[in-house]
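One structure is given here, and the rest of the page talks about it.
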Amino acid sequence: YADRFGRRAALTLSVTLMACGSLVIAATPSYETIGLGAPLLLVLARLVQGISVGGEYSTSATYLSEVATPGKRGYYSSFQYVTLVAGQLTALGVQILLLLVLTNDQMESWGWRIPFVIGAIGAIIVMWLRRGMDETESYKNSSGGESRGTIKALLQHPKECLLVVGLTLGGTVAFYTYTTYLQKYMVATAGISKPTAAWINFFALLVFLFLQPLAGALSDRIGRRWLLLTFGIAGTVLTVPIMTLLGGTQNPFLAFALMLGGLVIVTGYTSINAIVKAELFPTNIRALGVGLPYALTVAIFGGSSEYVALWLKQAGMESAFFWYVSGCVLISLLVYVRMRETSKDSRIEA
């Protein structure tokens, strides 16, 4: 859609879908009221939100890469994860506040709907703001006609598609491990209380947020590949020690330091992965090229990380998950070693 009808139109559509999905979740009656209709509505709303998120990543990555001036594309594109992490921080802030003011019964009865109301309101505001965005010059000046945004045109770039898969594999598993699973890991394995774990996550993610533009700007100076190599080497070598130490401590300061250490490593991927992928593809299939192989990889590997971790924990092999994460990062490291420096061979028009 972004390649055929424009980046602005696709960004407006994605946030509209998110607003609709959040509103449906917030307003869905309980199971006691409408029976099986309740879980069916929730699944439908989550599917709509999934479509929204899937389209949002590739389109925003493409938009940011195309509006940025040459020499600052790493810096500007890094703000995609700044806003992503800001959303996680907002969600954590709401969670912490609700835990402070509501009882467990109130939370399970109606309190869980509050974040979705907030999300829907935020999405509606963003939807209104995006209507005034300018379309990128790269898109307006691009050719391609009927080949815009087609699978047939994308299949003419098989090497780039496989490269996106390889780039994403280790990064998405590490990102989900350190930003989503770690809070549950602290509570279930380390024995840290839920409120304390939430605060640790909040402050670690806050630092992580500010690291993104710094790393993005650094990539404009030294190249994207060096940051990816740093992430690949550190992620392969240090994931097992970090997770092992974290699982054995109840000291909140040590837990914070370990989580932050993992997030510093992941920054080598998160800060620049969007621009690296965008620089691989021509304008007429850039959003599709960034989005489709990335989405498949995230769905298969990133989205399943928590389930793999919990399954191995139930099987009594929790430490095997640490090696699984390291192995995924190692696969990506092999890709980083062989890839070209995309900032010097970019397909984004100056």
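Please note that chains go A, B, ... in the order of the structure tokens, that every chain numbers its residues from 1, and that ligands are numbered from 1 in the order shown.
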Expected answer as a count of residues only: alpha helix (DSSP H) residues in range 95-275 of chain A = 136
Kindly assemble as CSV a list of the range 199-308 of chain A residues that lie within 9 Å of range 156-169 of chain A, each paired with its nearest atom pair and their distance in Å to one decimal, using only C-alpha atoms, sorted first by chain and then by ascending residue number.
```
residue,atom,partner,partner_atom,distance
A:Leu228,CA,A:Leu167,CA,8.6
A:Tyr269,CA,A:Thr168,CA,8.5
A:Asn273,CA,A:Leu167,CA,7.6
A:Val276,CA,A:Val164,CA,8.8
A:Lys277,CA,A:Val164,CA,6.3
A:Leu280,CA,A:Glu160,CA,6.3
A:Phe281,CA,A:Glu160,CA,7.4
A:Gly289,CA,A:Cys161,CA,6.7
A:Val290,CA,A:Val164,CA,7.3
A:Leu292,CA,A:Cys161,CA,8.5
A:Pro293,CA,A:Val165,CA,5.8
A:Tyr294,CA,A:Val165,CA,6.1
A:Leu296,CA,A:Val165,CA,8.2
A:Thr297,CA,A:Val165,CA,6.0
A:Val298,CA,A:Leu169,CA,7.3
A:Phe301,CA,A:Leu169,CA,6.8
A:Gly302,CA,A:Leu169,CA,7.6
```
Nearest to Arg4 in chain A: which of A:Thr33, A:Gln106, A:Ser142, A:Gln95 is it, counting only C-alpha atoms?
->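 For Arg4 in chain A, the nearest of the given residues is A:Ser142.
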For Leu205 in chain A: contacts at 12 Å, only C-alpha atoms, fewer than 6 positions along chain excluded, given as a PDB file with C-alpha atoms, in the first residue's frame:
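Listing of around34.pdb after writing:
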```pdb
ATOM      1  CA  TYR A  81      13.020   3.075  17.955  1.00  0.00           C
ATOM      2  CA  VAL A  82      12.996   6.221  20.087  1.00  0.00           C
ATOM      3  CA  THR A  83       9.243   6.439  19.572  1.00  0.00           C
ATOM      4  CA  LEU A  84       8.820   2.668  19.862  1.00  0.00           C
ATOM      5  CA  VAL A  85      10.583   2.604  23.224  1.00  0.00           C
ATOM      6  CA  ALA A  86       8.705   5.752  24.290  1.00  0.00           C
ATOM      7  CA  GLY A  87       5.511   3.783  23.709  1.00  0.00           C
ATOM      8  CA  GLN A  88       6.845   0.941  25.860  1.00  0.00           C
ATOM      9  CA  LEU A  89       7.769   3.435  28.586  1.00  0.00           C
ATOM     10  CA  THR A  90       4.311   4.964  28.470  1.00  0.00           C
ATOM     11  CA  ALA A  91       2.781   1.505  28.789  1.00  0.00           C
ATOM     12  CA  LEU A  92       5.087   0.688  31.713  1.00  0.00           C
ATOM     13  CA  GLY A  93       4.206   4.006  33.344  1.00  0.00           C
ATOM     14  CA  PHE A 175      15.229  -7.170  21.367  1.00  0.00           C
ATOM     15  CA  TYR A 178      15.639  -7.799  26.700  1.00  0.00           C
ATOM     16  CA  THR A 179      12.556  -5.590  26.408  1.00  0.00           C
ATOM     17  CA  THR A 180       9.558  -7.940  26.719  1.00  0.00           C
ATOM     18  CA  LEU A 182      13.064  -9.868  30.855  1.00  0.00           C
ATOM     19  CA  GLN A 183      10.455  -8.363  33.188  1.00  0.00           C
ATOM     20  CA  ALA A 198       8.566  -2.768  36.437  1.00  0.00           C
ATOM     21  CA  TRP A 199      10.695   0.107  37.770  1.00  0.00           C
ATOM     22  CA  LEU A 211      21.057   5.725  23.220  1.00  0.00           C
ATOM     23  CA  GLN A 212      19.247   5.346  19.884  1.00  0.00           C
ATOM     24  CA  PHE A 256      19.238  -2.879  36.369  1.00  0.00           C
ATOM     25  CA  ALA A 257      22.921  -2.905  35.361  1.00  0.00           C
ATOM     26  CA  MET A 259      19.426  -5.356  31.791  1.00  0.00           C
ATOM     27  CA  LEU A 260      20.986  -2.082  30.688  1.00  0.00           C
ATOM     28  CA  GLY A 261      24.086  -3.949  29.545  1.00  0.00           C
ATOM     29  CA  GLY A 262      21.916  -6.130  27.330  1.00  0.00           C
ATOM     30  CA  LEU A 263      20.091  -3.092  25.946  1.00  0.00           C
ATOM     31  CA  VAL A 264      23.382  -1.321  25.173  1.00  0.00           C
ATOM     32  CA  VAL A 266      21.019  -4.458  21.315  1.00  0.00           C
ATOM     33  CA  THR A 267      21.362  -0.741  20.471  1.00  0.00           C
TER      34      THR A 267
END
```
What does the distance from CA of Thr172 in chain A to CA of Ser147 in chain A come to in Å, to one decimal?
->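 Separation of CA of Thr172 in chain A and CA of Ser147 in chain A: 29.7 Å.
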Rank nothing, just name the residue among A:Ser78, A:Ser52, A:Ser58, A:Thr136 nearest to Arg8 in chain A, using only C-alpha atoms.
-> A:Thr136
Closest atom pairs, range 45-158 of chain A residues within 10 Å of range 9-28 of chain A, only C-alpha atoms, as CSV:
```
residue,atom,partner,partner_atom,distance
A:Ala45,CA,A:Gly21,CA,4.5
A:Arg46,CA,A:Gly21,CA,6.5
A:Leu47,CA,A:Gly21,CA,8.2
A:Val48,CA,A:Gly21,CA,5.8
A:Gln49,CA,A:Met18,CA,5.1
A:Gly50,CA,A:Met18,CA,8.4
A:Ile51,CA,A:Ser14,CA,7.7
A:Ser52,CA,A:Ser14,CA,4.5
A:Val53,CA,A:Ser14,CA,7.1
A:Gly54,CA,A:Ser14,CA,8.6
A:Gly55,CA,A:Ser14,CA,6.2
A:Glu56,CA,A:Ser14,CA,5.8
A:Tyr57,CA,A:Leu11,CA,9.4
A:Ser58,CA,A:Leu11,CA,9.7
A:Thr59,CA,A:Leu11,CA,6.5
A:Ser60,CA,A:Leu11,CA,7.0
A:Tyr63,CA,A:Leu11,CA,9.0
A:Trp110,CA,A:Ala26,CA,9.3
A:Trp112,CA,A:Ala26,CA,8.4
A:Arg113,CA,A:Ala26,CA,4.9
A:Ile114,CA,A:Ala26,CA,7.2
A:Pro115,CA,A:Ala26,CA,8.3
A:Phe116,CA,A:Ser22,CA,5.1
A:Val117,CA,A:Ala26,CA,5.8
A:Ile118,CA,A:Ser22,CA,8.7
A:Gly119,CA,A:Ser22,CA,6.4
A:Ala120,CA,A:Ala19,CA,4.5
A:Ile121,CA,A:Ala19,CA,7.3
A:Gly122,CA,A:Ala19,CA,7.9
A:Ala123,CA,A:Ala19,CA,5.1
A:Ile124,CA,A:Ala19,CA,6.0
A:Ile125,CA,A:Ala19,CA,9.5
A:Val126,CA,A:Val15,CA,7.1
A:Met127,CA,A:Thr12,CA,5.7
A:Trp128,CA,A:Thr12,CA,8.3
A:Leu129,CA,A:Thr12,CA,8.9
A:Arg130,CA,A:Thr12,CA,5.9
A:Arg131,CA,A:Thr12,CA,6.7
A:Gly132,CA,A:Thr12,CA,9.9
A:Met133,CA,A:Ala9,CA,9.4
A:Glu135,CA,A:Ala9,CA,8.7
```
